[in-house]
file start31.cif (mmCIF, C-alpha atoms)
data_my_file
loop_
_atom_site.label_atom_id
_atom_site.label_comp_id
_atom_site.auth_asym_id
_atom_site.auth_seq_id
_atom_site.Cartn_x
_atom_site.Cartn_y
_atom_site.Cartn_z
CA MET E 21 -21.57 -56.88 -76.73
CA LYS E 22 -22.59 -56.96 -73.10
CA ARG E 23 -25.69 -58.89 -72.11
CA ILE E 24 -28.87 -56.83 -72.21
CA TYR E 25 -31.27 -57.57 -69.35
CA ARG E 26 -34.93 -57.27 -70.33
CA GLU E 27 -38.21 -57.10 -68.43
CA ALA E 28 -38.39 -60.87 -67.99
CA ASP E 29 -34.95 -60.83 -66.32
CA CYS E 30 -35.90 -57.91 -64.09
CA ALA E 31 -39.25 -59.13 -62.77
CA THR E 32 -37.61 -60.16 -59.50
CA GLY E 33 -40.31 -59.04 -57.07
CA ALA E 34 -37.52 -57.76 -54.81
CA LEU E 35 -39.34 -54.46 -54.16
CA ASP E 36 -42.86 -55.82 -53.87
CA GLY E 37 -44.53 -54.28 -50.84
CA ARG E 38 -41.57 -51.96 -50.29
CA THR E 39 -41.53 -48.16 -50.02
CA ILE E 40 -39.28 -46.20 -52.36
CA ALA E 41 -38.16 -42.68 -51.46
CA ILE E 42 -37.26 -40.40 -54.36
CA LEU E 43 -35.10 -37.54 -53.15
CA GLY E 44 -35.52 -34.63 -55.53
CA TYR E 45 -38.32 -33.77 -57.93
CA GLY E 46 -36.46 -32.35 -60.92
CA SER E 47 -36.02 -33.82 -64.38
CA GLN E 48 -35.21 -37.38 -63.27
CA GLY E 49 -36.98 -37.20 -59.92
CA HIS E 50 -40.46 -36.51 -61.21
CA ALA E 51 -40.13 -39.21 -63.90
CA HIS E 52 -38.87 -41.91 -61.52
CA ALA E 53 -41.51 -41.10 -58.90
CA LEU E 54 -44.47 -41.11 -61.28
CA ASN E 55 -43.32 -44.16 -63.25
CA LEU E 56 -42.74 -46.19 -60.09
CA LYS E 57 -46.10 -45.17 -58.65
CA GLU E 58 -47.86 -46.18 -61.87
CA SER E 59 -45.95 -49.48 -61.78
CA GLY E 60 -47.65 -50.22 -58.47
CA TYR E 61 -44.97 -49.21 -55.98
CA ASP E 62 -45.42 -47.21 -52.80
CA VAL E 63 -43.51 -43.99 -53.52
CA ILE E 64 -42.71 -41.05 -51.29
CA VAL E 65 -40.91 -37.93 -52.50
CA GLY E 66 -38.37 -36.30 -50.16
CA LEU E 67 -37.55 -32.59 -50.46
CA TYR E 68 -36.05 -29.84 -48.36
CA GLU E 69 -38.25 -27.84 -46.02
CA GLY E 70 -40.06 -25.11 -47.97
CA SER E 71 -39.44 -26.59 -51.41
CA ARG E 72 -41.98 -25.43 -54.00
CA SER E 73 -41.86 -28.92 -55.46
CA LEU E 74 -43.68 -30.33 -52.43
CA GLU E 75 -46.99 -29.06 -53.75
CA ARG E 76 -46.12 -30.02 -57.32
CA ALA E 77 -45.49 -33.60 -56.26
CA ARG E 78 -48.66 -33.74 -54.19
CA ALA E 79 -50.69 -32.27 -57.04
CA ALA E 80 -49.41 -35.14 -59.20
CA GLY E 81 -50.87 -37.60 -56.70
CA LEU E 82 -47.63 -38.44 -54.90
CA LYS E 83 -46.90 -38.52 -51.21
CA ALA E 84 -44.28 -35.88 -50.40
CA THR E 85 -42.52 -34.80 -47.23
CA VAL E 86 -39.18 -33.50 -45.99
CA THR E 87 -36.11 -35.59 -46.84
CA ALA E 88 -35.44 -37.06 -43.39
CA GLU E 89 -39.01 -38.30 -43.01
CA ALA E 90 -38.92 -39.87 -46.48
CA VAL E 91 -35.69 -41.71 -45.60
CA LYS E 92 -37.20 -43.02 -42.37
CA ALA E 93 -40.24 -44.36 -44.22
CA ALA E 94 -38.39 -45.99 -47.10
CA ASP E 95 -36.82 -49.34 -47.89
CA VAL E 96 -35.03 -47.90 -50.93
CA VAL E 97 -33.67 -44.34 -51.00
CA MET E 98 -32.95 -43.04 -54.51
CA VAL E 99 -30.82 -39.88 -54.47
CA LEU E 100 -31.66 -37.73 -57.49
CA LEU E 101 -30.16 -34.44 -56.34
CA PRO E 102 -27.46 -32.40 -58.11
CA ASP E 103 -23.98 -33.84 -57.52
CA GLU E 104 -22.84 -30.80 -55.56
CA ARG E 105 -25.75 -31.03 -53.09
CA GLN E 106 -25.67 -34.74 -52.38
CA ARG E 107 -22.93 -34.83 -49.74
CA GLU E 108 -24.51 -32.18 -47.51
CA VAL E 109 -27.98 -33.72 -47.78
CA TYR E 110 -26.55 -37.17 -47.13
CA GLU E 111 -24.74 -36.07 -43.96
CA ASN E 112 -27.68 -34.07 -42.58
CA ASP E 113 -30.80 -35.86 -43.74
CA ILE E 114 -29.94 -39.37 -44.96
CA ARG E 115 -27.07 -40.95 -43.04
CA PRO E 116 -28.54 -40.37 -39.54
CA TYR E 117 -31.71 -42.23 -40.52
CA LEU E 118 -30.36 -45.15 -42.54
CA ARG E 119 -31.02 -48.53 -41.02
CA GLU E 120 -29.67 -52.01 -41.62
CA GLY E 121 -30.91 -53.65 -44.80
CA GLN E 122 -32.06 -50.50 -46.57
CA ALA E 123 -30.88 -49.75 -50.10
CA LEU E 124 -29.23 -46.50 -51.11
CA ALA E 125 -29.51 -45.83 -54.83
CA PHE E 126 -28.11 -43.33 -57.33
CA ALA E 127 -28.50 -42.41 -60.99
CA HIS E 128 -24.89 -41.22 -61.27
CA GLY E 129 -21.82 -42.58 -59.50
CA PHE E 130 -19.94 -39.33 -58.79
CA ASN E 131 -20.31 -39.03 -55.01
CA ILE E 132 -19.82 -42.73 -54.31
CA HIS E 133 -16.87 -43.14 -56.67
CA TYR E 134 -15.01 -40.11 -55.32
CA GLN E 135 -15.99 -41.00 -51.74
CA ALA E 136 -17.80 -37.78 -51.00
CA ILE E 137 -20.44 -40.18 -49.68
CA VAL E 138 -19.28 -43.26 -47.78
CA PRO E 139 -22.31 -45.43 -47.00
CA PRO E 140 -22.45 -47.69 -43.95
CA ALA E 141 -21.54 -51.33 -44.53
CA ASP E 142 -24.99 -52.66 -43.63
CA VAL E 143 -26.95 -51.22 -46.58
CA ASP E 144 -27.16 -52.14 -50.25
CA VAL E 145 -25.87 -49.55 -52.74
CA PHE E 146 -26.88 -49.72 -56.39
CA MET E 147 -27.23 -47.50 -59.43
CA ILE E 148 -29.85 -47.19 -62.15
CA ALA E 149 -28.81 -44.56 -64.70
CA PRO E 150 -31.29 -43.99 -67.55
CA LYS E 151 -29.53 -42.89 -70.73
CA GLY E 152 -31.93 -40.06 -71.44
CA PRO E 153 -33.38 -36.94 -69.80
CA GLY E 154 -36.21 -37.23 -67.31
CA HIS E 155 -38.93 -35.98 -69.63
CA THR E 156 -38.00 -38.78 -72.06
CA VAL E 157 -37.99 -41.38 -69.26
CA ARG E 158 -41.52 -40.22 -68.52
CA SER E 159 -42.85 -39.89 -72.08
CA GLU E 160 -41.43 -43.26 -73.17
CA PHE E 161 -42.99 -44.92 -70.13
CA LEU E 162 -46.38 -43.42 -70.97
CA ALA E 163 -46.00 -44.65 -74.55
CA GLY E 164 -45.44 -48.19 -73.32
CA ARG E 165 -41.74 -48.12 -74.11
CA GLY E 166 -38.66 -47.25 -72.03
CA VAL E 167 -35.30 -45.51 -71.97
CA PRO E 168 -32.38 -47.98 -71.66
CA ALA E 169 -30.35 -47.70 -68.47
CA LEU E 170 -27.05 -48.71 -66.94
CA PHE E 171 -27.08 -50.60 -63.65
CA ALA E 172 -24.35 -51.25 -61.13
CA VAL E 173 -24.03 -52.76 -57.67
CA TYR E 174 -21.50 -51.10 -55.38
CA GLN E 175 -22.40 -52.84 -52.13
CA ASP E 176 -24.49 -55.99 -51.64
CA TYR E 177 -25.21 -56.37 -47.93
CA THR E 178 -28.52 -58.22 -48.23
CA GLY E 179 -27.63 -60.42 -51.19
CA GLN E 180 -30.56 -58.77 -52.99
CA ALA E 181 -28.90 -55.61 -54.33
CA GLN E 182 -28.96 -56.68 -57.98
CA SER E 183 -32.51 -57.97 -57.70
CA ARG E 184 -33.53 -54.66 -56.18
CA ALA E 185 -31.78 -52.75 -58.96
CA PHE E 186 -33.53 -54.88 -61.59
CA ALA E 187 -36.93 -54.33 -59.97
CA TYR E 188 -36.29 -50.59 -59.83
CA GLY E 189 -35.19 -50.54 -63.48
CA ALA E 190 -38.35 -52.38 -64.45
CA GLY E 191 -40.43 -50.00 -62.35
CA ILE E 192 -39.29 -46.89 -64.20
CA GLY E 193 -39.70 -48.62 -67.57
CA SER E 194 -36.04 -48.95 -68.48
CA ALA E 195 -36.11 -52.74 -68.55
CA ARG E 196 -38.55 -52.51 -71.46
CA ALA E 197 -35.62 -51.21 -73.53
CA GLY E 198 -32.84 -53.01 -71.63
CA LEU E 199 -30.40 -52.70 -68.74
CA LEU E 200 -26.62 -52.96 -69.24
CA GLU E 201 -24.19 -53.66 -66.42
CA THR E 202 -21.45 -51.23 -65.49
CA THR E 203 -19.61 -50.09 -62.34
CA PHE E 204 -19.80 -46.84 -60.40
CA ARG E 205 -16.24 -46.06 -61.52
CA GLU E 206 -16.84 -46.76 -65.20
CA GLU E 207 -20.12 -44.85 -65.35
CA THR E 208 -18.69 -41.83 -63.56
CA GLU E 209 -15.45 -41.54 -65.50
CA THR E 210 -16.95 -42.13 -68.94
CA ASP E 211 -19.82 -39.73 -68.21
CA LEU E 212 -17.49 -36.94 -67.11
CA PHE E 213 -15.13 -37.51 -70.02
CA GLY E 214 -17.94 -37.50 -72.57
CA GLU E 215 -19.36 -34.28 -71.15
CA GLN E 216 -16.05 -32.44 -70.98
CA ALA E 217 -14.12 -33.62 -74.03
CA VAL E 218 -16.94 -34.20 -76.51
CA LEU E 219 -20.56 -33.39 -75.77
CA CYS E 220 -20.32 -30.09 -73.91
CA GLY E 221 -16.76 -28.77 -73.74
CA GLY E 222 -15.62 -30.13 -77.09
CA VAL E 223 -18.71 -29.38 -79.17
CA THR E 224 -19.37 -25.89 -77.81
CA GLU E 225 -15.78 -24.77 -78.29
CA LEU E 226 -15.75 -26.20 -81.82
CA MET E 227 -18.95 -24.36 -82.73
CA LYS E 228 -17.72 -21.08 -81.26
CA ALA E 229 -14.34 -21.44 -82.99
CA GLY E 230 -16.02 -22.00 -86.35
CA PHE E 231 -18.28 -18.98 -85.82
CA GLU E 232 -15.34 -16.79 -84.80
CA ILE E 233 -13.12 -17.81 -87.71
CA LEU E 234 -15.84 -17.13 -90.30
CA THR E 235 -16.73 -13.74 -88.85
CA GLU E 236 -13.05 -12.77 -88.51
CA ALA E 237 -12.73 -13.53 -92.23
CA GLY E 238 -15.52 -11.09 -92.99
CA TYR E 239 -18.47 -13.40 -93.45
CA ASP E 240 -21.88 -12.39 -92.12
CA PRO E 241 -22.48 -13.58 -88.55
CA GLU E 242 -25.91 -14.88 -89.60
CA ASN E 243 -24.33 -17.25 -92.12
CA ALA E 244 -21.64 -18.20 -89.63
CA TYR E 245 -24.29 -19.08 -87.02
CA TYR E 246 -26.36 -21.15 -89.42
CA GLU E 247 -23.36 -23.14 -90.67
CA CYS E 248 -21.47 -23.68 -87.42
CA VAL E 249 -24.16 -23.74 -84.72
CA HIS E 250 -27.68 -24.15 -86.06
CA GLU E 251 -26.96 -27.07 -88.38
CA MET E 252 -25.18 -29.05 -85.64
CA LYS E 253 -28.58 -30.40 -84.55
CA LEU E 254 -29.34 -31.65 -88.05
CA ILE E 255 -26.11 -33.65 -88.14
CA VAL E 256 -26.39 -34.96 -84.57
CA ASP E 257 -30.00 -36.02 -85.09
CA LEU E 258 -28.97 -38.14 -88.06
CA ILE E 259 -26.20 -39.77 -86.03
CA TYR E 260 -28.64 -40.30 -83.13
CA GLU E 261 -31.07 -42.07 -85.47
CA GLY E 262 -28.66 -44.30 -87.38
CA GLY E 263 -25.02 -43.74 -86.49
CA LEU E 264 -22.28 -42.12 -88.56
CA ALA E 265 -23.27 -44.15 -91.61
CA ARG E 266 -26.82 -42.71 -91.59
CA MET E 267 -25.45 -39.18 -91.34
CA ARG E 268 -22.98 -39.68 -94.19
CA ASP E 269 -25.65 -41.28 -96.34
CA SER E 270 -27.89 -38.25 -95.82
CA ILE E 271 -25.42 -35.45 -96.56
CA SER E 272 -24.05 -34.51 -99.97
CA ASN E 273 -21.08 -36.32 -101.49
CA THR E 274 -19.22 -33.01 -101.27
CA ALA E 275 -19.83 -32.83 -97.54
CA GLU E 276 -18.86 -36.47 -97.01
CA TYR E 277 -15.62 -36.02 -98.95
CA GLY E 278 -14.81 -32.92 -96.90
CA ASP E 279 -15.55 -34.88 -93.72
CA TYR E 280 -12.88 -37.47 -94.56
CA GLN E 281 -10.38 -34.88 -95.80
CA THR E 282 -10.44 -32.45 -92.88
CA GLY E 283 -11.77 -34.16 -89.75
CA ARG E 284 -8.36 -35.42 -88.65
CA ARG E 285 -6.81 -32.02 -89.37
CA ILE E 286 -9.10 -30.64 -86.63
CA ILE E 287 -8.82 -33.55 -84.19
CA THR E 288 -5.06 -33.96 -84.38
CA GLU E 289 -2.76 -36.18 -82.33
CA ALA E 290 -2.14 -33.15 -80.09
CA THR E 291 -5.89 -32.92 -79.50
CA ARG E 292 -6.04 -36.61 -78.67
CA GLN E 293 -3.17 -36.22 -76.21
CA GLU E 294 -5.05 -33.41 -74.48
CA MET E 295 -8.16 -35.59 -74.33
CA ARG E 296 -6.09 -38.35 -72.73
CA GLN E 297 -4.88 -35.84 -70.14
CA ILE E 298 -8.49 -34.82 -69.43
CA LEU E 299 -9.31 -38.48 -68.85
CA ARG E 300 -6.34 -38.89 -66.48
CA GLU E 301 -7.54 -35.88 -64.45
CA ILE E 302 -10.97 -37.49 -64.17
CA GLN E 303 -9.49 -40.85 -63.20
CA ASP E 304 -7.14 -39.53 -60.52
CA GLY E 305 -9.75 -37.25 -58.94
CA THR E 306 -8.19 -33.93 -60.00
CA PHE E 307 -11.38 -32.72 -61.69
CA ALA E 308 -13.61 -33.89 -58.83
CA SER E 309 -11.41 -32.09 -56.31
CA LYS E 310 -11.53 -28.85 -58.32
CA TRP E 311 -15.31 -29.09 -58.68
CA MET E 312 -15.85 -29.74 -54.97
CA GLN E 313 -13.62 -26.76 -54.13
CA GLU E 314 -15.54 -24.62 -56.61
CA CYS E 315 -18.80 -25.54 -54.89
CA ALA E 316 -17.31 -24.92 -51.44
CA THR E 317 -16.42 -21.35 -52.45
CA GLY E 318 -19.81 -20.40 -53.87
CA GLN E 319 -19.22 -21.42 -57.51
CA LEU E 320 -17.77 -17.97 -58.25
CA SER E 321 -15.78 -19.11 -61.28
CA LEU E 322 -18.75 -21.00 -62.72
CA LYS E 323 -21.07 -18.02 -62.33
CA ALA E 324 -18.53 -15.63 -63.87
CA ARG E 325 -18.06 -17.94 -66.86
CA ARG E 326 -21.83 -18.13 -67.37
CA ARG E 327 -22.00 -14.34 -67.61
CA LEU E 328 -19.06 -14.24 -70.02
CA GLU E 329 -20.43 -16.98 -72.28
CA ALA E 330 -23.84 -15.26 -72.44
CA ARG E 331 -22.17 -12.28 -74.13
CA HIS E 332 -20.51 -14.29 -76.90
CA PRO E 333 -21.55 -12.98 -80.36
CA ALA E 334 -22.83 -16.42 -81.37
CA GLU E 335 -25.31 -16.22 -78.49
CA THR E 336 -26.44 -12.72 -79.47
CA ILE E 337 -26.98 -13.45 -83.15
CA GLY E 338 -28.40 -16.88 -82.32
CA SER E 339 -31.13 -15.35 -80.17
CA GLU E 340 -32.17 -13.11 -83.05
CA LEU E 341 -32.17 -15.92 -85.61
CA ARG E 342 -34.08 -18.35 -83.41
CA SER E 343 -36.88 -15.78 -83.18
CA LEU E 344 -37.43 -16.39 -86.91
CA MET E 345 -37.96 -20.11 -86.35
CA SER E 346 -41.61 -20.78 -85.56
CA TRP E 347 -40.88 -24.17 -84.00
CA HIS E 348 -39.03 -22.45 -81.16
CA ASN E 349 -42.18 -20.51 -80.23
CA LYS E 350 -43.89 -22.67 -77.61
CA ASP E 351 -47.06 -20.61 -77.87
#

call {"tool": "encode", "arguments": {"input": "start31.cif", "output": "structure tokens"}}
result
Amino acid sequence: MKRIYREADCATGALDGRTIAILGYGSQGHAHALNLKESGYDVIVGLYEGSRSLERARAAGLKATVTAEAVKAADVVMVLLPDERQREVYENDIRPYLREGQALAFAHGFNIHYQAIVPPADVDVFMIAPKGPGHTVRSEFLAGRGVPALFAVYQDYTGQAQSRAFAYGAGIGSARAGLLETTFREETETDLFGEQAVLCGGVTELMKAGFEILTEAGYDPENAYYECVHEMKLIVDLIYEGGLARMRDSISNTAEYGDYQTGRRIITEATRQEMRQILREIQDGTFASKWMQECATGQLSLKARRRLEARHPAETIGSELRSLMSWHNKD
């Protein structure tokens, strides 16, 4: 197993007295900004002119201004914007104001790896990628714990890029749990593959297919939803807590036997070949090119698919059934 870097390894002091700009105040942005501030760092949030998040950040006790001014004031610029917005913001509001010796940081390698952003040679470039959503990065920090993170150095102009990354990882609390080294390429390609082939694309299509097959066979859609969609969380939570062994120890012997008998009939060699092709398209830039073109043309296909998916029967019946579940009622 790779070496895990802990707080003691990451207490480098490389960002002491430095200003850190957090660009974006969404899920990750708010967590990074608040955690770093409470770790004693000088933090400034950068947002577009007119952003409603300006007042939200200020109300939380943070300094906040427009992106260009934040970049000018900072020693480290952490870009926590959606992938599709980063290139435009970089060209307009970051690149013109970068200066020698600054650090440009990311929580995902997409734009660097696919060269949508090409940083100047006289800045450090590193990545700190927490392996959890922003609200968890924040809540774990407040609880005195942390969300583990990946780190990578893409460009080390000052000779301090890794030390800066470690200090940043400690500042958001991730070093409490541990930092693991990766590269921008590895993080990007594995992240995209996991999302497309397993976590999002694979799982959602599997759930919908199960729902459709049961209802086509005449079973009630309510039963089909419970068995093929609702209970997915129960299984995944067990795996999340203790791996496949924990899940299999918690289900019935009947279910475990069925798992071994039928799993490979669903994920066949043909399925694995298609997954390998998906990975090749990620590796060679085919997917990135398609996504950038989609964004350049107004995301018309994405928006149309959202509307279509919202009308799927599993979504309709699921909305009705979730209304029966008191734990979904936030009030």

call {"tool": "resolve_selection", "arguments": {"input": "start31.cif", "expression": "the PyMOL selection byres ((chain E and resi 126-138) around 6)", "output": "list in words"}}
result
Met98, Val99, Arg107, Ala125, Pro139, Met147, Ile148, Ala149, Phe204, Arg205 and Thr208 of chain E

call {"tool": "residues_around", "arguments": {"input": "start31.cif", "residues": "Ala229 of chain E", "least_positions_apart": "2", "cutoff": "12 Å", "atoms": "only C-alpha atoms", "output": "CSV table (one decimal) with C-alpha atoms, in the frame of the given file"}}
result
chain,number,residue,atom,x,y,z
E,222,GLY,CA,-15.6,-30.1,-77.1
E,223,VAL,CA,-18.7,-29.4,-79.2
E,224,THR,CA,-19.4,-25.9,-77.8
E,225,GLU,CA,-15.8,-24.8,-78.3
E,226,LEU,CA,-15.8,-26.2,-81.8
E,227,MET,CA,-19.0,-24.4,-82.7
E,231,PHE,CA,-18.3,-19.0,-85.8
E,232,GLU,CA,-15.3,-16.8,-84.8
E,233,ILE,CA,-13.1,-17.8,-87.7
E,234,LEU,CA,-15.8,-17.1,-90.3
E,235,THR,CA,-16.7,-13.7,-88.8
E,236,GLU,CA,-13.0,-12.8,-88.5
E,244,ALA,CA,-21.6,-18.2,-89.6
E,245,TYR,CA,-24.3,-19.1,-87.0
E,247,GLU,CA,-23.4,-23.1,-90.7
E,248,CYS,CA,-21.5,-23.7,-87.4
E,249,VAL,CA,-24.2,-23.7,-84.7
E,286,ILE,CA,-9.1,-30.6,-86.6
E,332,HIS,CA,-20.5,-14.3,-76.9
E,333,PRO,CA,-21.6,-13.0,-80.4
E,334,ALA,CA,-22.8,-16.4,-81.4

call {"tool": "closest_residue", "arguments": {"input": "start31.cif", "among": "E:Thr178, E:Lys228, E:His155, E:Met21", "to": "Pro241 of chain E", "atoms": "all atoms listed in the file"}}
result
E:Lys228

call {"tool": "atom_distance", "arguments": {"input": "start31.cif", "atom1": "atom CA of Asp29 of chain E", "atom2": "atom CA of Ala195 of chain E"}}
result
8.5 Å

call {"tool": "atom_distance", "arguments": {"input": "start31.cif", "atom1": "atom CA of Lys57 of chain E", "atom2": "atom CA of Ile42 of chain E"}}
result
10.9 Å

call {"tool": "closest_residue", "arguments": {"input": "start31.cif", "among": "E:Gln48, E:Ser73, E:Gln106, E:Thr288", "to": "Pro153 of chain E", "atoms": "all atoms listed in the file"}}
result
E:Gln48

call {"tool": "residues_around", "arguments": {"input": "start31.cif", "residues": "Arg300 of chain E", "least_positions_apart": "5", "cutoff": "12 Å", "atoms": "only C-alpha atoms", "output": "number ranges by chain"}}
result
E: 209-210, 212-213, 293-295, 305-308

call {"tool": "resolve_selection", "arguments": {"input": "start31.cif", "expression": "the PyMOL selection byres ((chain E and resi 313-317) around 12)", "output": "PyMOL selection string"}}
result
chain E and resi 102-108+306-312+318-324

call {"tool": "resolve_selection", "arguments": {"input": "start31.cif", "expression": "the PyMOL selection byres ((chain E and resi 171) around 9)", "output": "ChimeraX atom specification"}}
result
/E:127,146-150,169-170,172-173,182,185-186,189,199-204

call {"tool": "write_last_selection", "arguments": {"input": "start31.cif", "atoms": "C-alpha atoms", "output": "compact mmCIF listing (two decimals), keeping the file's coordinate frame"}}
result
# COMPACT_ATOMS: atom_id res chain seq x y z
CA ALA E 127 -28.50 -42.41 -60.99
CA PHE E 146 -26.88 -49.72 -56.39
CA MET E 147 -27.23 -47.50 -59.43
CA ILE E 148 -29.85 -47.19 -62.15
CA ALA E 149 -28.81 -44.56 -64.70
CA PRO E 150 -31.29 -43.99 -67.55
CA ALA E 169 -30.35 -47.70 -68.47
CA LEU E 170 -27.05 -48.71 -66.94
CA ALA E 172 -24.35 -51.25 -61.13
CA VAL E 173 -24.03 -52.76 -57.67
CA GLN E 182 -28.96 -56.68 -57.98
CA ALA E 185 -31.78 -52.75 -58.96
CA PHE E 186 -33.53 -54.88 -61.59
CA GLY E 189 -35.19 -50.54 -63.48
CA LEU E 199 -30.40 -52.70 -68.74
CA LEU E 200 -26.62 -52.96 -69.24
CA GLU E 201 -24.19 -53.66 -66.42
CA THR E 202 -21.45 -51.23 -65.49
CA THR E 203 -19.61 -50.09 -62.34
CA PHE E 204 -19.80 -46.84 -60.40

call {"tool": "closest_residue", "arguments": {"input": "start31.cif", "among": "E:Ala237, E:Ala51, E:Val91, E:Val97", "to": "Ala77 of chain E", "atoms": "only C-alpha atoms"}}
result
E:Ala51

call {"tool": "atom_distance", "arguments": {"input": "start31.cif", "atom1": "atom CA of Ala79 of chain E", "atom2": "atom CA of Ile192 of chain E"}}
result
19.9 Å

call {"tool": "residues_around", "arguments": {"input": "start31.cif", "residues": "Ile255 of chain E", "least_positions_apart": "3", "cutoff": "10 Å", "atoms": "all atoms listed in the file", "output": "PyMOL selection string"}}
result
chain E and resi 250-252+258-260+264+266-268+270-271

call {"tool": "closest_residue", "arguments": {"input": "start31.cif", "among": "E:Thr39, E:Ser71, E:Asn55, E:Thr156", "to": "Lys92 of chain E", "atoms": "only C-alpha atoms"}}
result
E:Thr39

call {"tool": "closest_residue", "arguments": {"input": "start31.cif", "among": "E:Glu160, E:Glu207, E:Glu111, E:Glu120", "to": "Ala94 of chain E", "atoms": "all atoms listed in the file"}}
result
E:Glu120

call {"tool": "closest_residue", "arguments": {"input": "start31.cif", "among": "E:Ile302, E:Val167, E:Ala90, E:Ala181", "to": "Gly152 of chain E", "atoms": "all atoms listed in the file"}}
result
E:Val167

call {"tool": "residues_around", "arguments": {"input": "start31.cif", "residues": "Asp142 of chain E", "least_positions_apart": "3", "cutoff": "10 Å", "atoms": "all atoms listed in the file", "output": "list of chain:residue names"}}
result
E:Leu118, E:Arg119, E:Glu120, E:Gly121, E:Gln122, E:Ala123, E:Pro139, E:Val145, E:Gln175, E:Asp176, E:Tyr177, E:Thr178
